[in-house]
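File shown: my_file19.csv (CSV, C-alpha atoms).
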```
chain,number,residue,atom,x,y,z
R,281,MET,CA,-109.5,-95.9,-16.0
R,282,SER,CA,-110.8,-93.0,-17.8
R,283,LYS,CA,-112.5,-91.9,-14.6
R,284,PHE,CA,-109.1,-91.1,-13.1
R,285,LYS,CA,-108.0,-89.1,-16.0
R,286,LYS,CA,-105.9,-86.1,-15.3
R,287,LYS,CA,-107.9,-83.1,-14.4
R,288,ALA,CA,-107.8,-80.1,-16.6
R,289,GLU,CA,-104.7,-78.1,-15.9
R,290,VAL,CA,-105.7,-75.5,-13.3
R,291,LYS,CA,-103.2,-73.1,-12.0
R,292,GLN,CA,-102.6,-73.8,-8.3
R,293,GLU,CA,-100.5,-70.9,-7.3
R,294,ILE,CA,-101.3,-68.3,-4.8
R,295,PRO,CA,-100.5,-64.9,-6.3
R,296,THR,CA,-97.6,-63.6,-4.4
R,297,SER,CA,-97.2,-60.3,-6.1
R,298,SER,CA,-99.2,-58.5,-3.4
R,299,MET,CA,-97.4,-60.1,-0.5
R,300,PRO,CA,-94.9,-57.3,0.0
R,301,ASP,CA,-97.7,-54.8,0.2
R,302,VAL,CA,-99.5,-56.9,2.8
R,303,VAL,CA,-96.3,-57.3,4.8
R,304,PHE,CA,-95.5,-53.7,4.6
R,305,MET,CA,-98.9,-52.8,5.8
R,306,LEU,CA,-98.4,-55.0,8.9
R,307,LEU,CA,-95.0,-53.6,9.3
R,308,PHE,CA,-96.2,-50.0,9.4
R,309,PHE,CA,-98.9,-51.0,11.9
R,310,PHE,CA,-96.4,-52.4,14.3
R,311,MET,CA,-93.9,-49.6,13.7
R,312,VAL,CA,-96.5,-47.0,14.6
R,313,THR,CA,-97.9,-48.8,17.6
R,314,THR,CA,-94.7,-50.1,19.0
R,315,GLU,CA,-92.9,-48.7,22.0
R,316,MET,CA,-89.7,-50.1,23.2
R,317,ARG,CA,-89.6,-51.5,26.6
R,318,GLU,CA,-87.3,-49.2,28.6
R,319,THR,CA,-87.1,-51.4,31.6
R,320,THR,CA,-86.8,-55.1,32.2
R,321,ILE,CA,-89.4,-56.0,34.7
R,322,GLU,CA,-88.0,-58.3,37.3
R,323,VAL,CA,-91.1,-58.9,39.3
R,324,LYS,CA,-94.1,-61.2,38.5
R,325,GLN,CA,-96.7,-59.3,36.7
R,326,GLN,CA,-100.0,-60.9,36.5
R,327,ILE,CA,-102.3,-57.9,36.4
R,328,PRO,CA,-105.8,-58.4,37.9
R,329,GLN,CA,-108.9,-57.8,35.8
R,330,ALA,CA,-111.6,-55.2,36.4
R,331,THR,CA,-114.5,-53.7,34.5
R,332,GLN,CA,-114.6,-50.0,35.5
R,333,LEU,CA,-111.5,-48.9,33.8
R,334,ARG,CA,-110.4,-45.3,33.2
R,335,LYS,CA,-107.9,-44.4,30.6
R,336,LEU,CA,-104.9,-42.2,31.1
R,337,MET,CA,-104.6,-39.7,28.4
R,338,ARG,CA,-101.3,-38.0,29.0
R,339,LYS,CA,-98.6,-40.6,28.9
R,340,GLY,CA,-95.9,-38.2,29.9
R,341,LEU,CA,-97.6,-37.7,33.2
R,342,VAL,CA,-97.5,-41.3,34.2
R,343,ALA,CA,-94.9,-42.9,36.4
R,344,ASN,CA,-94.9,-46.7,36.8
R,345,LEU,CA,-94.2,-48.7,39.9
R,346,TYR,CA,-94.1,-52.5,39.6
R,347,ILE,CA,-94.8,-54.5,42.6
R,348,GLY,CA,-94.8,-58.3,43.0
R,349,GLU,CA,-92.8,-61.3,43.8
R,350,PRO,CA,-89.3,-61.2,42.2
R,351,THR,CA,-89.0,-63.5,39.1
R,352,LYS,CA,-85.5,-64.5,40.3
R,353,THR,CA,-86.6,-66.0,43.6
R,354,GLN,CA,-83.2,-67.7,44.1
R,355,GLN,CA,-81.5,-64.3,44.2
R,356,TYR,CA,-84.0,-62.0,45.8
R,357,GLY,CA,-86.3,-64.2,47.8
R,358,LYS,CA,-90.0,-64.6,47.7
R,359,GLU,CA,-91.0,-61.5,49.5
R,360,ALA,CA,-92.9,-59.0,47.2
R,361,LYS,CA,-90.6,-56.2,46.0
R,362,ILE,CA,-91.1,-52.7,44.5
R,363,GLN,CA,-89.4,-52.0,41.2
R,364,ALA,CA,-89.0,-48.5,39.9
R,365,ASN,CA,-87.2,-48.0,36.6
R,366,ASP,CA,-84.5,-50.7,36.6
R,367,ALA,CA,-83.9,-51.2,40.3
R,368,PHE,CA,-85.6,-52.6,43.3
R,369,ILE,CA,-86.4,-49.9,45.9
R,370,ASP,CA,-87.4,-49.8,49.5
R,371,THR,CA,-90.6,-48.3,50.7
R,372,LYS,CA,-88.7,-45.4,52.3
R,373,ASP,CA,-87.2,-44.6,48.9
R,374,VAL,CA,-90.6,-44.0,47.3
R,375,ILE,CA,-90.6,-40.3,48.2
R,376,ARG,CA,-87.2,-39.8,46.6
R,377,TRP,CA,-88.4,-41.6,43.5
R,378,VAL,CA,-91.5,-39.5,43.3
R,379,ASN,CA,-89.4,-36.3,43.5
R,380,GLU,CA,-87.2,-37.6,40.8
R,381,GLU,CA,-90.1,-38.3,38.6
R,382,LYS,CA,-91.6,-34.9,39.3
R,383,ALA,CA,-88.4,-33.2,38.4
R,384,LYS,CA,-88.7,-34.7,34.9
R,385,LEU,CA,-91.9,-32.8,34.3
R,386,ASP,CA,-92.6,-29.2,33.6
R,387,GLU,CA,-93.1,-27.1,36.7
R,388,VAL,CA,-96.7,-26.4,36.0
R,389,GLU,CA,-97.6,-30.1,35.6
R,390,ARG,CA,-95.8,-31.5,38.6
R,391,ASP,CA,-98.9,-31.9,40.6
R,392,GLN,CA,-100.6,-33.8,37.8
R,393,LEU,CA,-98.2,-36.7,38.1
R,394,THR,CA,-100.2,-40.0,38.1
R,395,VAL,CA,-98.5,-43.0,39.7
R,396,SER,CA,-99.6,-46.2,37.9
R,397,LEU,CA,-99.2,-49.2,40.2
R,398,LYS,CA,-98.7,-52.4,38.3
R,399,VAL,CA,-99.3,-54.9,41.0
R,400,ASP,CA,-99.3,-58.7,40.7
R,401,LYS,CA,-102.5,-60.4,41.6
R,402,GLU,CA,-101.1,-62.4,44.5
R,403,THR,CA,-99.4,-59.4,46.2
R,404,LYS,CA,-100.6,-58.7,49.7
R,405,ARG,CA,-102.2,-55.4,50.6
R,406,GLY,CA,-99.6,-54.7,53.3
R,407,ILE,CA,-96.8,-53.6,51.0
R,408,ILE,CA,-99.2,-51.7,48.7
R,409,ALA,CA,-100.6,-49.8,51.7
R,410,ASP,CA,-97.1,-48.9,52.7
R,411,VAL,CA,-96.4,-47.5,49.3
R,412,GLU,CA,-99.6,-45.5,49.3
R,413,THR,CA,-98.7,-43.9,52.6
R,414,GLU,CA,-95.4,-42.9,51.2
R,415,LEU,CA,-97.1,-41.5,48.1
R,416,ARG,CA,-99.3,-39.4,50.3
R,417,LYS,CA,-96.3,-38.0,52.1
R,418,ALA,CA,-94.7,-37.3,48.7
R,419,ASN,CA,-97.9,-35.5,47.6
R,420,ALA,CA,-98.4,-37.7,44.6
R,421,ARG,CA,-102.0,-38.4,45.2
R,422,LYS,CA,-103.2,-39.4,41.8
R,423,LEU,CA,-103.1,-43.2,41.7
R,424,LEU,CA,-104.1,-45.8,39.2
R,425,TYR,CA,-104.2,-49.5,39.9
R,426,SER,CA,-103.3,-50.9,36.5
R,427,THR,CA,-105.8,-53.6,35.4
R,428,ILE,CA,-106.8,-55.5,32.4
R,429,GLU,CA,-110.2,-55.0,31.0
R,430,GLU,CA,-112.6,-57.8,31.9
R,431,ARG,CA,-115.3,-58.5,29.3
R,432,LEU,CA,-118.7,-58.5,30.8
R,433,GLU,CA,-120.7,-61.5,29.8
R,434,ASP,CA,-124.1,-60.2,28.8
S,113,MET,CA,-83.3,-45.5,-29.0
S,114,ALA,CA,-83.6,-48.5,-26.8
S,115,ARG,CA,-82.9,-47.6,-23.3
S,116,ALA,CA,-81.8,-50.0,-20.6
S,117,THR,CA,-84.7,-50.1,-18.2
S,118,PRO,CA,-83.4,-49.5,-14.7
S,119,ASP,CA,-85.1,-52.2,-12.7
S,120,ILE,CA,-84.7,-52.6,-9.0
S,121,PRO,CA,-84.9,-56.2,-8.2
S,122,ASN,CA,-87.9,-56.6,-5.9
S,123,ALA,CA,-87.9,-60.3,-5.3
S,124,SER,CA,-86.2,-59.9,-2.0
S,125,MET,CA,-88.3,-57.0,-0.9
S,126,ALA,CA,-90.8,-59.3,0.8
S,127,ASP,CA,-88.0,-61.0,2.7
S,128,ILE,CA,-86.6,-57.7,3.9
S,129,ALA,CA,-90.0,-56.5,5.0
S,130,PHE,CA,-90.7,-59.8,6.8
S,131,LEU,CA,-87.4,-59.4,8.7
S,132,LEU,CA,-88.4,-56.0,9.8
S,133,LEU,CA,-91.9,-57.1,10.6
S,134,THR,CA,-90.5,-59.9,12.8
S,135,PHE,CA,-88.3,-57.5,14.6
S,136,PHE,CA,-91.1,-55.2,15.5
S,137,LEU,CA,-93.4,-58.1,16.4
S,138,VAL,CA,-90.9,-59.4,18.9
S,139,THR,CA,-90.0,-56.1,20.4
S,140,THR,CA,-93.5,-54.6,20.6
S,141,THR,CA,-95.4,-54.2,23.8
S,142,MET,CA,-98.9,-52.8,23.7
S,143,PRO,CA,-99.1,-50.0,26.2
S,144,ASN,CA,-101.6,-50.6,28.9
S,145,ASN,CA,-102.6,-47.3,30.4
S,146,LYS,CA,-105.9,-48.4,31.8
S,147,GLY,CA,-106.9,-49.1,35.4
S,148,LEU,CA,-108.9,-48.2,38.4
S,149,SER,CA,-108.2,-44.6,39.2
S,150,ILE,CA,-108.4,-43.3,42.8
S,151,ALA,CA,-107.3,-40.2,44.6
S,152,LEU,CA,-105.3,-40.6,47.8
S,153,PRO,CA,-106.2,-38.6,50.9
S,154,PRO,CA,-103.8,-35.8,51.9
S,155,PRO,CA,-100.6,-36.7,53.9
S,156,PRO,CA,-101.3,-38.1,57.4
S,157,GLU,CA,-99.6,-35.2,59.2
S,158,ALA,CA,-101.3,-32.4,57.2
S,159,THR,CA,-104.7,-33.2,58.5
S,160,PRO,CA,-105.0,-33.1,62.3
S,161,PRO,CA,-107.1,-36.0,63.5
S,162,GLU,CA,-110.5,-34.5,63.8
S,163,ASP,CA,-113.3,-36.2,65.7
S,164,VAL,CA,-115.7,-36.2,62.8
S,165,LYS,CA,-118.8,-38.0,63.9
S,166,ILE,CA,-120.1,-40.0,61.0
S,167,GLN,CA,-123.4,-41.6,61.7
S,168,GLU,CA,-123.5,-45.3,61.4
S,169,ARG,CA,-126.3,-45.2,58.9
S,170,ASN,CA,-124.2,-43.1,56.5
S,171,MET,CA,-121.5,-45.8,56.4
S,172,PHE,CA,-121.5,-48.8,54.1
S,173,LYS,CA,-118.8,-51.0,55.5
S,174,ILE,CA,-116.9,-53.5,53.5
S,175,GLN,CA,-114.2,-55.5,55.3
S,176,ILE,CA,-111.9,-58.1,53.8
S,177,ASN,CA,-109.7,-60.2,56.1
S,178,SER,CA,-106.3,-61.8,55.4
S,179,SER,CA,-107.9,-65.0,53.9
S,180,ASP,CA,-109.9,-62.8,51.5
S,181,ALA,CA,-113.2,-63.5,53.3
S,182,LEU,CA,-115.7,-60.7,53.0
S,183,LEU,CA,-117.8,-58.9,55.6
S,184,VAL,CA,-120.4,-56.5,54.3
S,185,GLU,CA,-122.2,-54.3,56.9
S,186,GLY,CA,-121.1,-56.8,59.6
S,187,GLU,CA,-122.5,-59.8,57.7
S,188,PRO,CA,-120.3,-62.5,56.3
S,189,ARG,CA,-120.8,-62.9,52.6
S,190,GLU,CA,-119.8,-65.7,50.2
S,191,ASP,CA,-120.3,-64.2,46.8
S,192,VAL,CA,-120.5,-60.6,45.6
S,193,THR,CA,-123.5,-60.8,43.2
S,194,GLY,CA,-126.0,-58.1,43.9
S,195,LEU,CA,-123.5,-56.1,46.0
S,196,LYS,CA,-123.3,-53.4,43.4
S,197,GLU,CA,-127.1,-52.9,43.6
S,198,GLU,CA,-127.0,-52.7,47.3
S,199,ILE,CA,-124.4,-50.0,47.2
S,200,LYS,CA,-126.4,-48.1,44.7
S,201,LYS,CA,-129.5,-48.3,46.8
S,202,PHE,CA,-127.5,-47.2,49.9
S,203,ILE,CA,-126.1,-44.1,48.1
S,204,LEU,CA,-129.4,-43.1,46.6
S,205,ASN,CA,-131.4,-43.8,49.7
S,206,ASN,CA,-132.0,-40.1,50.5
S,207,GLY,CA,-133.4,-40.9,54.0
S,208,LYS,CA,-136.1,-43.2,52.9
S,209,ASP,CA,-134.9,-46.2,54.8
S,210,PRO,CA,-133.9,-45.0,58.4
S,211,ALA,CA,-131.2,-47.6,58.5
S,212,SER,CA,-129.6,-46.4,55.3
S,213,SER,CA,-127.9,-43.2,54.2
S,214,ASP,CA,-129.3,-39.6,54.6
S,215,ASN,CA,-128.2,-38.4,51.2
S,216,PRO,CA,-125.6,-39.1,48.6
S,217,GLU,CA,-123.3,-36.4,49.9
S,218,LYS,CA,-123.1,-37.9,53.3
S,219,ALA,CA,-123.0,-41.5,52.2
S,220,ILE,CA,-119.6,-43.1,52.5
S,221,VAL,CA,-118.5,-46.5,51.3
S,222,SER,CA,-115.9,-47.5,53.8
S,223,PHE,CA,-113.4,-50.1,52.7
S,224,LYS,CA,-111.1,-51.9,55.1
S,225,THR,CA,-108.6,-54.6,54.3
S,226,ASP,CA,-106.0,-56.5,56.1
S,227,ARG,CA,-102.3,-56.5,55.3
S,228,GLY,CA,-102.7,-60.1,54.2
S,229,THR,CA,-105.5,-59.4,51.7
S,230,SER,CA,-104.6,-60.2,48.2
S,231,HIS,CA,-104.5,-57.4,45.6
S,232,LYS,CA,-106.8,-59.4,43.3
S,233,ARG,CA,-109.6,-59.5,45.9
S,234,PHE,CA,-109.0,-55.8,46.7
S,235,ILE,CA,-109.3,-54.9,43.0
S,236,GLU,CA,-112.4,-57.0,42.6
S,237,LEU,CA,-114.2,-55.2,45.4
S,238,LEU,CA,-113.0,-51.7,44.5
S,239,ASP,CA,-114.2,-52.4,41.0
S,240,ILE,CA,-117.7,-53.2,42.3
S,241,VAL,CA,-117.8,-50.0,44.5
S,242,GLN,CA,-116.5,-47.8,41.7
S,243,GLY,CA,-118.9,-49.5,39.3
S,244,ALA,CA,-121.8,-48.5,41.5
S,245,TYR,CA,-120.8,-44.9,41.6
S,246,TYR,CA,-120.1,-44.8,37.8
S,247,ASP,CA,-123.5,-46.3,37.2
S,248,ILE,CA,-125.2,-43.6,39.2
S,249,TYR,CA,-123.1,-40.8,37.5
S,250,ALA,CA,-123.9,-42.2,34.1
S,251,ASP,CA,-127.6,-42.4,34.9
S,252,GLN,CA,-127.6,-38.8,36.1
S,253,ALA,CA,-125.8,-37.6,33.0
S,254,GLY,CA,-128.0,-39.6,30.7
S,255,VAL,CA,-125.2,-41.7,29.1
S,256,THR,CA,-124.0,-45.2,29.5
S,257,ASN,CA,-121.5,-46.3,32.0
S,258,ALA,CA,-118.7,-46.8,29.4
S,259,GLU,CA,-119.4,-43.4,27.9
S,260,PHE,CA,-119.2,-41.7,31.2
S,261,ARG,CA,-115.9,-43.2,32.0
S,262,GLU,CA,-114.6,-42.3,28.6
S,263,ALA,CA,-115.7,-38.7,29.2
S,264,ALA,CA,-114.1,-38.7,32.6
S,265,SER,CA,-110.8,-39.7,31.2
S,266,ASP,CA,-110.4,-36.6,29.1
S,267,LEU,CA,-111.8,-33.5,30.7
S,268,THR,CA,-110.1,-31.1,28.4
S,269,VAL,CA,-112.9,-31.6,25.9
S,270,PRO,CA,-115.8,-29.2,26.9
S,271,ARG,CA,-118.5,-31.8,26.0
S,272,ASN,CA,-116.8,-34.4,28.2
S,273,LYS,CA,-116.5,-31.9,31.0
S,274,ALA,CA,-120.2,-31.1,30.8
S,275,ILE,CA,-121.1,-34.8,31.0
S,276,TYR,CA,-118.7,-35.3,33.9
S,277,GLU,CA,-120.0,-32.4,35.9
S,278,LYS,CA,-123.7,-33.3,35.2
S,279,GLY,CA,-123.0,-36.8,36.4
S,280,ARG,CA,-121.1,-35.8,39.5
S,281,ALA,CA,-123.4,-33.1,40.7
S,282,GLY,CA,-124.4,-33.6,44.3
S,283,ILE,CA,-122.8,-37.1,44.5
S,284,PRO,CA,-119.2,-37.0,45.6
S,285,LEU,CA,-117.1,-40.2,45.2
S,286,ASN,CA,-116.9,-41.1,48.8
S,287,ILE,CA,-114.9,-44.2,48.9
S,288,SER,CA,-112.8,-44.4,52.0
S,289,ILE,CA,-109.9,-46.8,51.9
S,290,ALA,CA,-108.7,-47.3,55.5
S,291,ASP,CA,-105.2,-48.3,56.6
S,292,PRO,CA,-105.1,-52.1,56.6
S,293,THR,CA,-105.2,-54.0,59.9
S,294,LYS,CA,-102.3,-56.1,60.8
S,295,ALA,CA,-103.9,-59.5,61.7
S,296,GLY,CA,-102.6,-61.3,58.6
S,297,GLY,CA,-98.9,-60.5,59.3
S,298,ASN,CA,-96.6,-59.5,56.5
```

Spit out the file's structure as structure tokens when you get a sec.
Amino acid sequence: MSKFKKKAEVKQEIPTSSMPDVVFMLLFFFMVTTEMRETTIEVKQQIPQATQLRKLMRKGLVANLYIGEPTKTQQYGKEAKIQANDAFIDTKDVIRWVNEEKAKLDEVERDQLTVSLKVDKETKRGIIADVETELRKANARKLLYSTIEERLED
Amino acid sequence: MARATPDIPNASMADIAFLLLTFFLVTTTMPNNKGLSIALPPPPEATPPEDVKIQERNMFKIQINSSDALLVEGEPREDVTGLKEEIKKFILNNGKDPASSDNPEKAIVSFKTDRGTSHKRFIELLDIVQGAYYDIYADQAGVTNAEFREAASDLTVPRNKAIYEKGRAGIPLNISIADPTKAGGN
């Protein structure tokens, strides 16, 4: 029986005094990196992967267009749609949207507007090409196909 | 003179911090400002249709149909391995092979899709073509591909601009994305 004698009393507590510090550190990290979503995206967004990415430095000069199949297919059907800000828009409205976005910028920077197309993987080229044609007409010719970085297996 | 020590109870501080942390964790979205950057051609009306004769040898044709099947230089192709090397060879041919490009300035990678081609396939191929160009630029500038793209992202820094210009010298990014064909409907 003596083999199963109680072990020496060892403290088995995790020190919690530094927990607030750890949590605060995490908190600050998230507070600094966070940005509130200003729009609810109502189209499917499975962004394709690519390797040759370029980064956009000036966030203020970027305007986002979301393209994909609506998430509420019952309401909007399965046809791919374009979403700008909080509403679905038609291809013919793209020019107006570009002008609105340009109006938000300083006059000297208006030609530097970059349109970031966040397009779902399964979307067909047809609708994207239509949007591109409109963007050309609206003279917003800097384009970025938003993609996720794909890790190269070496 | 015993003074009452003014202690703030800090037992609940962790709880409060956790609550805030949870809030930020839930609401946060990591900004994704990365992607494949291209420049669109000028508006269709602004440029009168010129009859520019581009020699067959200076065109590297990539076609994708509505079922995402690939045609490279008229030959059907199953997989894309090695395509990047072929494009690089084509751009840097400098007239060596009479069937390939005259020089990098004349070389054009022509890209034609169908309205039914999926965006995923389009991005996959565009990635390869841009990769070929960035590899060449990086080689010429004496940096790695990733370093070159990093430099190209921020041209306000003089050093980056120097790398960018050294890389781009004499080799324009001639990627032509044609209007898609209509065979696939939609």

Using all atoms listed in the file, the best pick from S:Ala126, S:Ile235, S:Val269, S:Ile275 as closest to Glu430 in chain R would be S:Ile235

Between CA of Ser213 in chain S and CA of Arg169 in chain S, what distance in Å does the model show, to one decimal?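 CA of Arg169 in chain S lies 5.4 Å from CA of Ser213 in chain S.
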
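The two atoms in question, CA of Glu429 in chain R and CA of Gln332 in chain R, are spaced 8.0 Å apart.
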
Which residues are near Ile428 in chain R? Cut-off 12 Å, only C-alpha atoms, ignore same chain within fewer than 3 positions. Put them as a CSV table (one decimal) with C-alpha atoms, keeping the file's coordinate frame.
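Everything below was put into part05.csv:
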```csv
chain,number,residue,atom,x,y,z
R,325,GLN,CA,-96.7,-59.3,36.7
R,326,GLN,CA,-100.0,-60.9,36.5
R,327,ILE,CA,-102.3,-57.9,36.4
R,328,PRO,CA,-105.8,-58.4,37.9
R,329,GLN,CA,-108.9,-57.8,35.8
R,330,ALA,CA,-111.6,-55.2,36.4
R,331,THR,CA,-114.5,-53.7,34.5
R,332,GLN,CA,-114.6,-50.0,35.5
R,333,LEU,CA,-111.5,-48.9,33.8
R,334,ARG,CA,-110.4,-45.3,33.2
R,335,LYS,CA,-107.9,-44.4,30.6
R,398,LYS,CA,-98.7,-52.4,38.3
R,399,VAL,CA,-99.3,-54.9,41.0
R,400,ASP,CA,-99.3,-58.7,40.7
R,401,LYS,CA,-102.5,-60.4,41.6
R,425,TYR,CA,-104.2,-49.5,39.9
R,431,ARG,CA,-115.3,-58.5,29.3
S,143,PRO,CA,-99.1,-50.0,26.2
S,144,ASN,CA,-101.6,-50.6,28.9
S,145,ASN,CA,-102.6,-47.3,30.4
S,146,LYS,CA,-105.9,-48.4,31.8
S,147,GLY,CA,-106.9,-49.1,35.4
S,148,LEU,CA,-108.9,-48.2,38.4
S,232,LYS,CA,-106.8,-59.4,43.3
S,235,ILE,CA,-109.3,-54.9,43.0
S,236,GLU,CA,-112.4,-57.0,42.6
S,239,ASP,CA,-114.2,-52.4,41.0
```

For a test of reading the model, state the distance in Å between CA of Leu306 in chain R and CA of Leu133 in chain S, rounded to one decimal. 7.0 Å

Test item: residues at most 10 Å from Phe135 in chain S, all atoms listed in the file, excluding those fewer than 4 positions along its chain, as a list in words: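 Final neighbour list, sorted by chain and number: Leu307, Phe310 and Met311 of chain R; Ala129, Phe130, Leu131, Thr139 and Thr140 of chain S.
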
Residue with smallest distance to chain R - pool S:Thr293, S:Asn122, S:Ser265, S:Asn206, counting all atoms listed in the file: S:Ser265

Please identify all polymer residues within 7 Å of Glu349 in chain R, counting all atoms listed in the file, omitting same-chain residues fewer than 3 positions from it, and present them as a ChimeraX atom specification. /R:323-324,358-361

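With distances restricted to only C-alpha atoms, S:Pro154 is the closest residue to chain R from S:Gly194, S:Pro154, S:Pro188, S:Pro118.
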
Using all atoms listed in the file, which residue out of S:Arg115, S:Lys200, S:Arg227, S:Lys218 lies closest to chain R?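 Answer, going by the shortest atom-to-atom distance: S:Arg227.
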
Considering only C-alpha atoms, can you say which of R:Lys382, R:Phe368, R:Thr320, R:Val312 comes closest to Tyr356 in chain R? R:Phe368

Please list, as a PyMOL selection string, the residues that have an atom at most 10 Å away from (-96.9, -39.9, 35.2) in the coordinates of this file, counting all atoms listed in the file. chain R and resi 336+338-344+378+381-382+384-385+389-396+420+422-423

Which residue gives the smallest distance to Leu415 in chain R among S:Gly228, S:Pro156, S:Gly279, S:Gly207, with all atoms listed in the file counted?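 Counting all atoms listed in the file, the residue closest to Leu415 in chain R is S:Pro156.
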
Got a sec: who's within 6 Å of Pro216 in chain S, counting all atoms listed in the file, leaving out chain neighbours fewer than 2 positions off, as a PyMOL selection string? chain S and resi 203-204+218-219+283

What lies within 9 Å of Arg280 in chain S using all atoms listed in the file, ignoring chain neighbours under 3 positions off, as a ChimeraX atom specification? /S:248-250,252-253,275-277,283-285

Where's the centre, and what are the edge lengths in Å to one decimal, of a box along x, y and z enclosing all listed atoms of range 349-364 of chain R padded 8 Å per side, as AutoDock Vina command-line options?
```
--center_x -87.2 --center_y -58.1 --center_z 44.3 --size_x 27.4 --size_y 35.2 --size_z 26.4
```

Radius query 12 Å about (-108.7, -57.1, 47.3), atoms used: only C-alpha atoms, as a PDB file with C-alpha atoms, in the coordinates of the input:
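Okay, this is what ended up in selection.pdb:
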```
ATOM      1  CA  PRO R 328    -105.800 -58.400  37.900  1.00  0.00           C
ATOM      2  CA  GLN R 329    -108.900 -57.800  35.800  1.00  0.00           C
ATOM      3  CA  ALA R 330    -111.600 -55.200  36.400  1.00  0.00           C
ATOM      4  CA  VAL R 399     -99.300 -54.900  41.000  1.00  0.00           C
ATOM      5  CA  ASP R 400     -99.300 -58.700  40.700  1.00  0.00           C
ATOM      6  CA  LYS R 401    -102.500 -60.400  41.600  1.00  0.00           C
ATOM      7  CA  GLU R 402    -101.100 -62.400  44.500  1.00  0.00           C
ATOM      8  CA  THR R 403     -99.400 -59.400  46.200  1.00  0.00           C
ATOM      9  CA  LYS R 404    -100.600 -58.700  49.700  1.00  0.00           C
ATOM     10  CA  ARG R 405    -102.200 -55.400  50.600  1.00  0.00           C
ATOM     11  CA  GLY R 406     -99.600 -54.700  53.300  1.00  0.00           C
ATOM     12  CA  ILE R 408     -99.200 -51.700  48.700  1.00  0.00           C
ATOM     13  CA  ALA R 409    -100.600 -49.800  51.700  1.00  0.00           C
ATOM     14  CA  TYR R 425    -104.200 -49.500  39.900  1.00  0.00           C
TER      15      TYR R 425
ATOM     16  CA  ILE S 174    -116.900 -53.500  53.500  1.00  0.00           C
ATOM     17  CA  GLN S 175    -114.200 -55.500  55.300  1.00  0.00           C
ATOM     18  CA  ILE S 176    -111.900 -58.100  53.800  1.00  0.00           C
ATOM     19  CA  ASN S 177    -109.700 -60.200  56.100  1.00  0.00           C
ATOM     20  CA  SER S 178    -106.300 -61.800  55.400  1.00  0.00           C
ATOM     21  CA  SER S 179    -107.900 -65.000  53.900  1.00  0.00           C
ATOM     22  CA  ASP S 180    -109.900 -62.800  51.500  1.00  0.00           C
ATOM     23  CA  ALA S 181    -113.200 -63.500  53.300  1.00  0.00           C
ATOM     24  CA  LEU S 182    -115.700 -60.700  53.000  1.00  0.00           C
ATOM     25  CA  PHE S 223    -113.400 -50.100  52.700  1.00  0.00           C
ATOM     26  CA  LYS S 224    -111.100 -51.900  55.100  1.00  0.00           C
ATOM     27  CA  THR S 225    -108.600 -54.600  54.300  1.00  0.00           C
ATOM     28  CA  ASP S 226    -106.000 -56.500  56.100  1.00  0.00           C
ATOM     29  CA  ARG S 227    -102.300 -56.500  55.300  1.00  0.00           C
ATOM     30  CA  GLY S 228    -102.700 -60.100  54.200  1.00  0.00           C
ATOM     31  CA  THR S 229    -105.500 -59.400  51.700  1.00  0.00           C
ATOM     32  CA  SER S 230    -104.600 -60.200  48.200  1.00  0.00           C
ATOM     33  CA  HIS S 231    -104.500 -57.400  45.600  1.00  0.00           C
ATOM     34  CA  LYS S 232    -106.800 -59.400  43.300  1.00  0.00           C
ATOM     35  CA  ARG S 233    -109.600 -59.500  45.900  1.00  0.00           C
ATOM     36  CA  PHE S 234    -109.000 -55.800  46.700  1.00  0.00           C
ATOM     37  CA  ILE S 235    -109.300 -54.900  43.000  1.00  0.00           C
ATOM     38  CA  GLU S 236    -112.400 -57.000  42.600  1.00  0.00           C
ATOM     39  CA  LEU S 237    -114.200 -55.200  45.400  1.00  0.00           C
ATOM     40  CA  LEU S 238    -113.000 -51.700  44.500  1.00  0.00           C
ATOM     41  CA  ASP S 239    -114.200 -52.400  41.000  1.00  0.00           C
ATOM     42  CA  ILE S 240    -117.700 -53.200  42.300  1.00  0.00           C
ATOM     43  CA  VAL S 241    -117.800 -50.000  44.500  1.00  0.00           C
ATOM     44  CA  ILE S 289    -109.900 -46.800  51.900  1.00  0.00           C
ATOM     45  CA  PRO S 292    -105.100 -52.100  56.600  1.00  0.00           C
TER      46      PRO S 292
END
```
